[in-house]
>>> print(open('protein-v7.cif').read())   # mmCIF, C-alpha atoms
data_coords
loop_
_atom_site.label_atom_id
_atom_site.label_comp_id
_atom_site.auth_asym_id
_atom_site.auth_seq_id
_atom_site.Cartn_x
_atom_site.Cartn_y
_atom_site.Cartn_z
CA MET A 1 69.34 52.47 47.76
CA GLY A 2 73.08 52.15 48.32
CA LEU A 3 75.54 54.96 48.46
CA THR A 4 78.16 55.25 45.78
CA ASP A 5 81.67 56.31 46.67
CA SER A 6 81.10 59.82 45.34
CA ALA A 7 77.86 60.15 47.31
CA TRP A 8 79.68 59.18 50.51
CA VAL A 9 82.38 61.74 49.83
CA ILE A 10 79.85 64.51 49.11
CA ASN A 11 77.84 63.66 52.23
CA LEU A 12 81.02 63.52 54.32
CA ILE A 13 82.33 66.87 53.02
CA ALA A 14 78.93 68.51 53.47
CA GLY A 15 78.60 67.10 56.99
CA LEU A 16 82.09 68.26 57.93
CA ALA A 17 81.41 71.74 56.56
CA ILE A 18 78.17 71.93 58.53
CA ALA A 19 79.83 70.68 61.74
CA VAL A 20 82.80 73.04 61.39
CA GLY A 21 80.32 75.85 60.75
CA VAL A 22 78.41 75.11 63.95
CA VAL A 23 81.66 75.04 65.92
CA GLY A 24 82.82 78.16 64.08
CA VAL A 25 79.97 80.13 65.59
CA VAL A 26 81.41 79.58 69.06
CA VAL A 27 85.10 79.61 68.09
CA PRO A 28 85.22 82.57 65.72
CA VAL A 29 87.84 81.35 63.27
CA VAL A 30 85.54 80.51 60.36
CA PRO A 31 82.26 82.08 59.23
CA GLY A 32 80.01 79.64 61.06
CA LEU A 33 76.51 80.05 59.72
CA LEU A 34 77.72 80.73 56.19
CA LEU A 35 79.83 77.57 56.20
CA SER A 36 76.94 75.46 57.50
CA TRP A 37 74.67 76.86 54.79
CA ALA A 38 77.36 76.23 52.14
CA GLY A 39 77.59 72.60 53.27
CA VAL A 40 73.88 72.14 52.63
CA LEU A 41 74.27 73.88 49.24
CA LEU A 42 77.11 71.51 48.31
CA TRP A 43 75.00 68.51 49.30
CA ALA A 44 71.97 69.79 47.37
CA ALA A 45 73.93 70.64 44.23
CA LEU A 46 76.22 67.61 44.00
CA GLY A 47 74.45 64.88 45.96
CA GLU A 48 72.88 61.81 44.42
CA GLY A 49 69.34 60.58 44.80
CA SER A 50 66.14 62.53 45.25
CA SER A 51 67.12 65.99 44.00
CA GLY A 52 63.71 67.45 44.88
CA VAL A 53 64.20 66.55 48.53
CA ARG A 54 67.74 67.94 48.53
CA TRP A 55 66.66 71.26 47.01
CA LEU A 56 63.66 71.49 49.33
CA ALA A 57 65.97 70.95 52.32
CA PHE A 58 68.33 73.59 50.93
CA GLY A 59 65.44 76.04 50.47
CA VAL A 60 64.26 75.53 54.05
CA ALA A 61 67.86 75.81 55.33
CA THR A 62 68.30 79.04 53.35
CA ALA A 63 65.10 80.53 54.79
CA VAL A 64 66.15 79.57 58.32
CA ALA A 65 69.68 80.95 57.81
CA LEU A 66 68.38 84.26 56.44
CA LEU A 67 65.84 84.62 59.23
CA GLY A 68 68.48 83.76 61.84
CA ALA A 69 70.94 86.27 60.38
CA LEU A 70 68.27 88.97 60.42
CA VAL A 71 67.25 88.22 64.00
CA LYS A 72 70.94 88.07 65.02
CA TYR A 73 71.36 91.73 64.12
CA LEU A 74 67.94 93.11 65.01
CA VAL A 75 67.39 91.75 68.52
CA PRO A 76 70.79 92.56 70.09
CA GLY A 77 70.89 95.89 68.24
CA ARG A 78 67.58 96.91 69.74
CA ARG A 79 68.83 95.90 73.18
CA LEU A 80 71.98 97.99 72.76
CA LYS A 81 70.02 101.03 71.63
CA SER A 82 67.70 100.77 74.62
CA ALA A 83 70.74 100.49 76.92
CA GLY A 84 72.30 103.55 75.29
CA VAL A 85 75.48 101.85 74.08
CA PRO A 86 76.76 103.82 71.07
CA ASN A 87 77.95 102.29 67.81
CA SER A 88 81.39 103.78 68.42
CA ALA A 89 81.82 101.48 71.43
CA LEU A 90 80.92 98.44 69.34
CA LEU A 91 83.25 99.56 66.56
CA ALA A 92 86.12 99.98 69.03
CA GLY A 93 85.31 96.59 70.54
CA GLY A 94 85.32 94.95 67.13
CA LEU A 95 88.57 96.61 66.12
CA LEU A 96 90.39 95.70 69.33
CA GLY A 97 88.86 92.22 69.11
CA VAL A 98 90.39 91.66 65.67
CA ILE A 99 93.75 93.00 66.83
CA GLY A 100 93.53 90.87 69.97
CA PHE A 101 92.79 87.78 67.88
CA PHE A 102 96.17 88.11 66.20
CA VAL A 103 98.04 89.05 69.38
CA ILE A 104 96.54 86.26 71.52
CA PRO A 105 95.00 83.68 69.14
CA VAL A 106 91.32 82.89 69.82
CA LEU A 107 91.21 84.35 73.37
CA GLY A 108 92.31 87.76 72.15
CA LEU A 109 89.06 88.28 70.26
CA PRO A 110 86.72 88.37 73.27
CA LEU A 111 89.32 90.09 75.45
CA GLY A 112 89.92 92.81 72.85
CA PHE A 113 86.17 93.21 72.33
CA VAL A 114 85.55 93.78 76.03
CA LEU A 115 88.54 96.10 76.39
CA GLY A 116 87.53 98.19 73.36
CA ILE A 117 83.98 98.70 74.60
CA TYR A 118 85.14 99.42 78.12
CA LEU A 119 87.67 102.04 77.01
CA VAL A 120 85.13 103.91 74.87
CA GLU A 121 82.50 103.75 77.59
CA ARG A 122 85.02 104.88 80.22
CA ALA A 123 85.94 107.90 78.13
CA ARG A 124 82.26 108.63 77.47
CA LEU A 125 80.67 107.90 80.86
CA GLY A 126 83.50 107.81 83.38
CA ALA A 127 84.93 104.94 85.37
CA GLY A 128 81.86 104.30 87.52
CA ARG A 129 79.33 103.82 84.72
CA ALA A 130 81.58 102.22 82.10
CA TRP A 131 81.37 98.64 83.35
CA PRO A 132 77.53 98.40 83.47
CA SER A 133 77.40 99.71 79.90
CA THR A 134 80.10 97.22 78.87
CA LYS A 135 78.10 94.38 80.45
CA GLN A 136 75.05 95.40 78.39
CA ALA A 137 77.16 95.19 75.23
CA LEU A 138 78.50 91.78 76.28
CA HIS A 139 74.97 90.50 76.90
CA ALA A 140 73.96 91.66 73.44
CA ALA A 141 77.03 90.02 71.85
CA GLY A 142 76.28 86.79 73.72
CA MET A 143 72.68 86.92 72.56
CA ALA A 144 73.83 87.39 68.95
CA MET A 145 76.15 84.38 69.29
CA LEU A 146 73.37 82.27 70.79
CA ILE A 147 71.00 83.21 67.97
CA GLU A 148 73.61 82.35 65.32
CA PHE A 149 74.49 79.07 67.08
CA THR A 150 70.84 78.06 67.26
CA THR A 151 70.39 78.94 63.60
CA ALA A 152 73.46 76.92 62.55
CA LEU A 153 72.17 73.95 64.56
CA ALA A 154 68.77 74.30 62.87
CA VAL A 155 70.48 74.26 59.45
CA ALA A 156 72.34 71.09 60.51
CA VAL A 157 69.11 69.44 61.66
CA ILE A 158 67.40 70.35 58.38
CA TRP A 159 70.29 68.71 56.50
CA VAL A 160 70.02 65.54 58.60
CA PHE A 161 66.27 65.38 57.94
CA GLY A 162 67.04 65.87 54.25
CA LEU A 163 69.45 62.94 54.39
CA LEU A 164 66.83 60.81 56.13
CA TRP A 165 64.03 61.81 53.79
CA SER A 166 66.08 61.28 50.64
CA GLY A 167 66.86 57.74 51.79
CA TRP A 168 70.60 58.10 52.32
CA LEU A 169 70.65 57.35 56.05
CA LEU A 170 67.66 55.04 56.23
CA PRO A 171 66.65 52.58 53.51
#
>>> encode(input="protein-v7.cif", output="C-alpha coordinates")
Amino acid sequence: MGLTDSAWVINLIAGLAIAVGVVGVVVPVVPGLLLSWAGVLLWAALGEGSSGVRWLAFGVATAVALLGALVKYLVPGRRLKSAGVPNSALLAGGLLGVIGFFVIPVLGLPLGFVLGIYLVERARLGAGRAWPSTKQALHAAGMAMLIEFTTALAVAVIWVFGLLWSGWLLP
(Lines of atoms letter the chains of each structure in order from A and count residues from 1; the text may use other names and numbers.)
(Lines give C-alpha, C1' and ligand atoms only; values in the text may rest on other atoms or scores of the structure.)
Protein backbone atom coordinates (compact mmCIF):
# COMPACT_ATOMS: atom_id res chain seq x y z
CA MET A 1 0.00 0.00 0.00
CA GLY A 2 1.51 3.32 -1.04
CA LEU A 3 1.30 6.53 0.86
CA THR A 4 -0.62 9.42 -0.60
CA ASP A 5 0.68 12.94 -0.22
CA SER A 6 -1.83 13.73 2.52
CA ALA A 7 -0.91 10.56 4.41
CA TRP A 8 2.76 11.54 4.33
CA VAL A 9 1.94 15.00 5.63
CA ILE A 10 -0.24 13.63 8.45
CA ASN A 11 2.41 11.07 9.43
CA LEU A 12 5.12 13.74 9.30
CA ILE A 13 3.15 16.23 11.41
CA ALA A 14 2.20 13.54 13.92
CA GLY A 15 5.80 12.32 14.12
CA LEU A 16 7.11 15.85 14.61
CA ALA A 17 4.55 16.53 17.33
CA ILE A 18 5.50 13.32 19.10
CA ALA A 19 9.24 14.05 18.82
CA VAL A 20 8.86 17.65 20.00
CA GLY A 21 6.75 16.33 22.87
CA VAL A 22 9.46 13.90 23.96
CA VAL A 23 12.07 16.67 23.82
CA GLY A 24 9.62 19.01 25.56
CA VAL A 25 9.67 16.80 28.64
CA VAL A 26 13.37 17.54 29.12
CA VAL A 27 13.35 21.12 27.81
CA PRO A 28 10.24 22.51 29.48
CA VAL A 29 9.04 24.87 26.77
CA VAL A 30 6.11 22.81 25.50
CA PRO A 31 3.77 20.40 27.29
CA GLY A 32 5.71 17.26 26.43
CA LEU A 33 3.51 14.28 27.18
CA LEU A 34 0.35 16.09 26.10
CA LEU A 35 1.91 17.02 22.76
CA SER A 36 3.10 13.45 22.14
CA TRP A 37 -0.37 12.13 22.92
CA ALA A 38 -1.95 14.77 20.64
CA GLY A 39 0.35 13.65 17.80
CA VAL A 40 -0.98 10.11 18.11
CA LEU A 41 -4.55 11.48 18.23
CA LEU A 42 -3.94 13.47 15.04
CA TRP A 43 -2.55 10.38 13.32
CA ALA A 44 -5.46 8.21 14.49
CA ALA A 45 -8.14 10.72 13.51
CA LEU A 46 -6.80 11.89 10.15
CA GLY A 47 -4.53 9.10 8.96
CA GLU A 48 -5.29 6.81 6.04
CA GLY A 49 -5.39 3.05 6.02
CA SER A 50 -6.39 0.63 8.75
CA SER A 51 -8.44 2.84 11.07
CA GLY A 52 -8.94 0.02 13.59
CA VAL A 53 -5.19 -0.27 14.08
CA ARG A 54 -4.80 3.50 14.40
CA TRP A 55 -7.54 3.78 17.02
CA LEU A 56 -6.22 0.75 18.90
CA ALA A 57 -2.76 2.35 18.99
CA PHE A 58 -4.33 5.61 20.16
CA GLY A 59 -6.25 3.77 22.90
CA VAL A 60 -3.10 2.05 24.15
CA ALA A 61 -1.17 5.34 23.96
CA THR A 62 -3.94 7.07 25.94
CA ALA A 63 -3.88 4.39 28.64
CA VAL A 64 -0.09 4.61 28.89
CA ALA A 65 -0.17 8.43 29.00
CA LEU A 66 -2.83 8.48 31.73
CA LEU A 67 -1.00 5.86 33.79
CA GLY A 68 2.30 7.72 33.37
CA ALA A 69 0.72 11.04 34.38
CA LEU A 70 -0.77 9.42 37.47
CA VAL A 71 2.50 7.77 38.46
CA LYS A 72 4.36 11.04 37.77
CA TYR A 73 2.43 12.76 40.55
CA LEU A 74 1.97 9.90 43.00
CA VAL A 75 5.49 8.49 43.30
CA PRO A 76 7.47 11.74 43.75
CA GLY A 77 4.70 13.17 45.95
CA ARG A 78 4.95 10.21 48.30
CA ARG A 79 8.71 10.62 48.41
CA LEU A 80 8.40 14.31 49.28
CA LYS A 81 5.89 13.62 52.04
CA SER A 82 8.15 10.98 53.57
CA ALA A 83 11.07 13.44 53.43
CA GLY A 84 8.95 16.12 55.10
CA VAL A 85 9.16 18.68 52.30
CA PRO A 86 6.07 20.91 52.55
CA ASN A 87 3.89 21.93 49.62
CA SER A 88 4.77 25.57 50.28
CA ALA A 89 8.38 24.83 49.30
CA LEU A 90 7.26 23.26 46.04
CA LEU A 91 4.91 26.15 45.35
CA ALA A 92 7.72 28.67 45.93
CA GLY A 93 10.03 26.60 43.73
CA GLY A 94 7.45 26.49 40.95
CA LEU A 95 6.76 30.22 41.19
CA LEU A 96 10.43 31.21 41.16
CA GLY A 97 11.01 28.66 38.39
CA VAL A 98 8.43 30.34 36.16
CA ILE A 99 9.85 33.78 36.93
CA GLY A 100 13.36 32.48 36.32
CA PHE A 101 12.30 31.03 32.97
CA PHE A 102 11.47 34.52 31.73
CA VAL A 103 14.50 36.18 33.31
CA ILE A 104 17.02 33.59 32.07
CA PRO A 105 15.34 31.59 29.26
CA VAL A 106 15.33 27.80 29.78
CA LEU A 107 18.07 27.73 32.47
CA GLY A 108 16.09 30.04 34.74
CA LEU A 109 13.41 27.41 35.30
CA PRO A 110 15.57 24.87 37.15
CA LEU A 111 17.61 27.60 38.85
CA GLY A 112 14.49 29.37 40.09
CA PHE A 113 12.98 26.07 41.21
CA VAL A 114 16.02 25.20 43.31
CA LEU A 115 16.29 28.72 44.73
CA GLY A 116 12.60 28.85 45.66
CA ILE A 117 12.71 25.54 47.51
CA TYR A 118 15.97 26.41 49.22
CA LEU A 119 14.69 29.79 50.45
CA VAL A 120 11.51 28.30 51.93
CA GLU A 121 13.42 25.44 53.53
CA ARG A 122 16.06 27.83 54.89
CA ALA A 123 13.37 29.95 56.51
CA ARG A 124 11.64 26.84 57.85
CA LEU A 125 14.59 24.68 58.94
CA GLY A 126 17.61 26.98 59.11
CA ALA A 127 20.71 27.12 56.97
CA GLY A 128 22.15 23.77 58.04
CA ARG A 129 19.15 21.59 57.17
CA ALA A 130 17.82 23.51 54.16
CA TRP A 131 20.10 21.97 51.54
CA PRO A 132 19.37 18.29 52.37
CA SER A 133 15.65 19.04 52.17
CA THR A 134 16.18 20.88 48.87
CA LYS A 135 18.07 17.88 47.49
CA GLN A 136 15.13 15.62 48.38
CA ALA A 137 12.82 17.92 46.42
CA LEU A 138 15.23 17.91 43.47
CA HIS A 139 15.37 14.12 43.49
CA ALA A 140 11.58 13.99 43.43
CA ALA A 141 11.41 16.52 40.57
CA GLY A 142 14.01 14.52 38.63
CA MET A 143 12.05 11.34 39.23
CA ALA A 144 8.87 13.03 37.95
CA MET A 145 10.73 14.16 34.81
CA LEU A 146 12.13 10.67 34.25
CA ILE A 147 8.68 9.12 34.60
CA GLU A 148 7.17 11.62 32.14
CA PHE A 149 10.07 11.14 29.69
CA THR A 150 9.69 7.37 29.82
CA THR A 151 5.95 7.71 29.29
CA ALA A 152 6.40 10.04 26.30
CA LEU A 153 8.90 7.60 24.79
CA ALA A 154 6.43 4.75 25.32
CA VAL A 155 3.74 6.77 23.51
CA ALA A 156 6.19 7.33 20.64
CA VAL A 157 7.02 3.61 20.46
CA ILE A 158 3.31 2.73 20.44
CA TRP A 159 2.83 5.13 17.51
CA VAL A 160 5.73 3.57 15.59
CA PHE A 161 4.28 0.10 16.16
CA GLY A 162 0.93 1.44 14.97
CA LEU A 163 2.62 2.71 11.80
CA LEU A 164 4.28 -0.65 11.27
CA TRP A 165 1.14 -2.65 11.98
CA SER A 166 -1.06 -0.51 9.76
CA GLY A 167 1.34 -1.10 6.86
CA TRP A 168 2.60 2.46 6.43
CA LEU A 169 6.27 1.79 7.19
CA LEU A 170 6.48 -1.79 5.99
CA PRO A 171 4.56 -3.20 3.02
>>> resolve_selection(input="protein-v7.cif", expression="the PyMOL selection byres ((chain A and resi 28) around 12)", output="PyMOL selection string")
chain A and resi 20-27+29-33+97-98+101+105-110+145+148-149
>>> write_last_selection(input="protein-v7.cif", atoms="C-alpha atoms", output="JSON list (two decimals), in the coordinates of the input")
[["chain", "number", "residue", "atom", "x", "y", "z"],
["A", 20, "VAL", "CA", 82.80, 73.04, 61.39],
["A", 21, "GLY", "CA", 80.32, 75.85, 60.75],
["A", 22, "VAL", "CA", 78.41, 75.11, 63.95],
["A", 23, "VAL", "CA", 81.66, 75.04, 65.92],
["A", 24, "GLY", "CA", 82.82, 78.16, 64.08],
["A", 25, "VAL", "CA", 79.97, 80.13, 65.59],
["A", 26, "VAL", "CA", 81.41, 79.58, 69.06],
["A", 27, "VAL", "CA", 85.10, 79.61, 68.09],
["A", 29, "VAL", "CA", 87.84, 81.35, 63.27],
["A", 30, "VAL", "CA", 85.54, 80.51, 60.36],
["A", 31, "PRO", "CA", 82.26, 82.08, 59.23],
["A", 32, "GLY", "CA", 80.01, 79.64, 61.06],
["A", 33, "LEU", "CA", 76.51, 80.05, 59.72],
["A", 97, "GLY", "CA", 88.86, 92.22, 69.11],
["A", 98, "VAL", "CA", 90.39, 91.66, 65.67],
["A", 101, "PHE", "CA", 92.79, 87.78, 67.88],
["A", 105, "PRO", "CA", 95.00, 83.68, 69.14],
["A", 106, "VAL", "CA", 91.32, 82.89, 69.82],
["A", 107, "LEU", "CA", 91.21, 84.35, 73.37],
["A", 108, "GLY", "CA", 92.31, 87.76, 72.15],
["A", 109, "LEU", "CA", 89.06, 88.28, 70.26],
["A", 110, "PRO", "CA", 86.72, 88.37, 73.27],
["A", 145, "MET", "CA", 76.15, 84.38, 69.29],
["A", 148, "GLU", "CA", 73.61, 82.35, 65.32],
["A", 149, "PHE", "CA", 74.49, 79.07, 67.08]]
>>> closest_residue(input="protein-v7.cif", among="A:Leu115, A:Leu41, A:Ala89, A:Ala61", to="Ala17 in chain A", atoms="only C-alpha atoms")
A:Leu41
>>> atom_distance(input="protein-v7.cif", atom1="CA of Trp131 in chain A", atom2="CA of Gly84 in chain A")
13.1 Å
>>> atom_distance(input="protein-v7.cif", atom1="CA of Tyr73 in chain A", atom2="CA of Gln136 in chain A")
15.2 Å
>>> atom_distance(input="protein-v7.cif", atom1="CA of Leu46 in chain A", atom2="CA of Trp165 in chain A")
16.7 Å
>>> resolve_selection(input="protein-v7.cif", expression="the PyMOL selection byres ((chain A and resi 51-53) around 12)", output="list in words")
Val40, Leu41, Trp43, Ala44, Ala45, Leu46, Gly47, Glu48, Gly49, Ser50, Arg54, Trp55, Leu56, Ala57, Phe58, Gly59, Val60, Ile158, Trp159, Val160, Phe161, Gly162, Leu163, Leu164, Trp165, Ser166, Gly167 and Trp168 of chain A
>>> write_last_selection(input="protein-v7.cif", atoms="C-alpha atoms", output="PDB file, in the coordinates of the input")
ATOM      1  CA  VAL A  40      73.880  72.140  52.630  1.00  0.00           C
ATOM      2  CA  LEU A  41      74.270  73.880  49.240  1.00  0.00           C
ATOM      3  CA  TRP A  43      75.000  68.510  49.300  1.00  0.00           C
ATOM      4  CA  ALA A  44      71.970  69.790  47.370  1.00  0.00           C
ATOM      5  CA  ALA A  45      73.930  70.640  44.230  1.00  0.00           C
ATOM      6  CA  LEU A  46      76.220  67.610  44.000  1.00  0.00           C
ATOM      7  CA  GLY A  47      74.450  64.880  45.960  1.00  0.00           C
ATOM      8  CA  GLU A  48      72.880  61.810  44.420  1.00  0.00           C
ATOM      9  CA  GLY A  49      69.340  60.580  44.800  1.00  0.00           C
ATOM     10  CA  SER A  50      66.140  62.530  45.250  1.00  0.00           C
ATOM     11  CA  ARG A  54      67.740  67.940  48.530  1.00  0.00           C
ATOM     12  CA  TRP A  55      66.660  71.260  47.010  1.00  0.00           C
ATOM     13  CA  LEU A  56      63.660  71.490  49.330  1.00  0.00           C
ATOM     14  CA  ALA A  57      65.970  70.950  52.320  1.00  0.00           C
ATOM     15  CA  PHE A  58      68.330  73.590  50.930  1.00  0.00           C
ATOM     16  CA  GLY A  59      65.440  76.040  50.470  1.00  0.00           C
ATOM     17  CA  VAL A  60      64.260  75.530  54.050  1.00  0.00           C
ATOM     18  CA  ILE A 158      67.400  70.350  58.380  1.00  0.00           C
ATOM     19  CA  TRP A 159      70.290  68.710  56.500  1.00  0.00           C
ATOM     20  CA  VAL A 160      70.020  65.540  58.600  1.00  0.00           C
ATOM     21  CA  PHE A 161      66.270  65.380  57.940  1.00  0.00           C
ATOM     22  CA  GLY A 162      67.040  65.870  54.250  1.00  0.00           C
ATOM     23  CA  LEU A 163      69.450  62.940  54.390  1.00  0.00           C
ATOM     24  CA  LEU A 164      66.830  60.810  56.130  1.00  0.00           C
ATOM     25  CA  TRP A 165      64.030  61.810  53.790  1.00  0.00           C
ATOM     26  CA  SER A 166      66.080  61.280  50.640  1.00  0.00           C
ATOM     27  CA  GLY A 167      66.860  57.740  51.790  1.00  0.00           C
ATOM     28  CA  TRP A 168      70.600  58.100  52.320  1.00  0.00           C
TER      29      TRP A 168
END
>>> resolve_selection(input="protein-v7.cif", expression="the PyMOL selection byres ((chain A and resi 96) around 12)", output="VMD selection string")
chain A and resid 89 to 95 97 to 104 108 to 120
>>> residues_around(input="protein-v7.cif", residues="Ala65 in chain A", least_positions_apart="2", cutoff="9 Å", atoms="all atoms listed in the file", output="PyMOL selection string")
chain A and resi 33-34+37+60-63+67-70+148+151-152+154-155
>>> write_last_selection(input="protein-v7.cif", atoms="C-alpha atoms", output="tab-separated table (two decimals), in the frame of the given file")
chain	number	residue	atom	x	y	z
A	33	LEU	CA	76.51	80.05	59.72
A	34	LEU	CA	77.72	80.73	56.19
A	37	TRP	CA	74.67	76.86	54.79
A	60	VAL	CA	64.26	75.53	54.05
A	61	ALA	CA	67.86	75.81	55.33
A	62	THR	CA	68.30	79.04	53.35
A	63	ALA	CA	65.10	80.53	54.79
A	67	LEU	CA	65.84	84.62	59.23
A	68	GLY	CA	68.48	83.76	61.84
A	69	ALA	CA	70.94	86.27	60.38
A	70	LEU	CA	68.27	88.97	60.42
A	148	GLU	CA	73.61	82.35	65.32
A	151	THR	CA	70.39	78.94	63.60
A	152	ALA	CA	73.46	76.92	62.55
A	154	ALA	CA	68.77	74.30	62.87
A	155	VAL	CA	70.48	74.26	59.45
>>> closest_residue(input="protein-v7.cif", among="A:Ala19, A:Ala38, A:Leu125, A:Leu12", to="Pro86 in chain A", atoms="all atoms listed in the file")
A:Leu125
>>> closest_residue(input="protein-v7.cif", among="A:Ala144, A:Val64, A:Ile13, A:Leu35", to="Pro76 in chain A", atoms="all atoms listed in the file")
A:Ala144
>>> closest_residue(input="protein-v7.cif", among="A:Ala123, A:Leu80, A:Leu138, A:Ile18", to="Leu153 in chain A", atoms="only C-alpha atoms")
A:Ile18
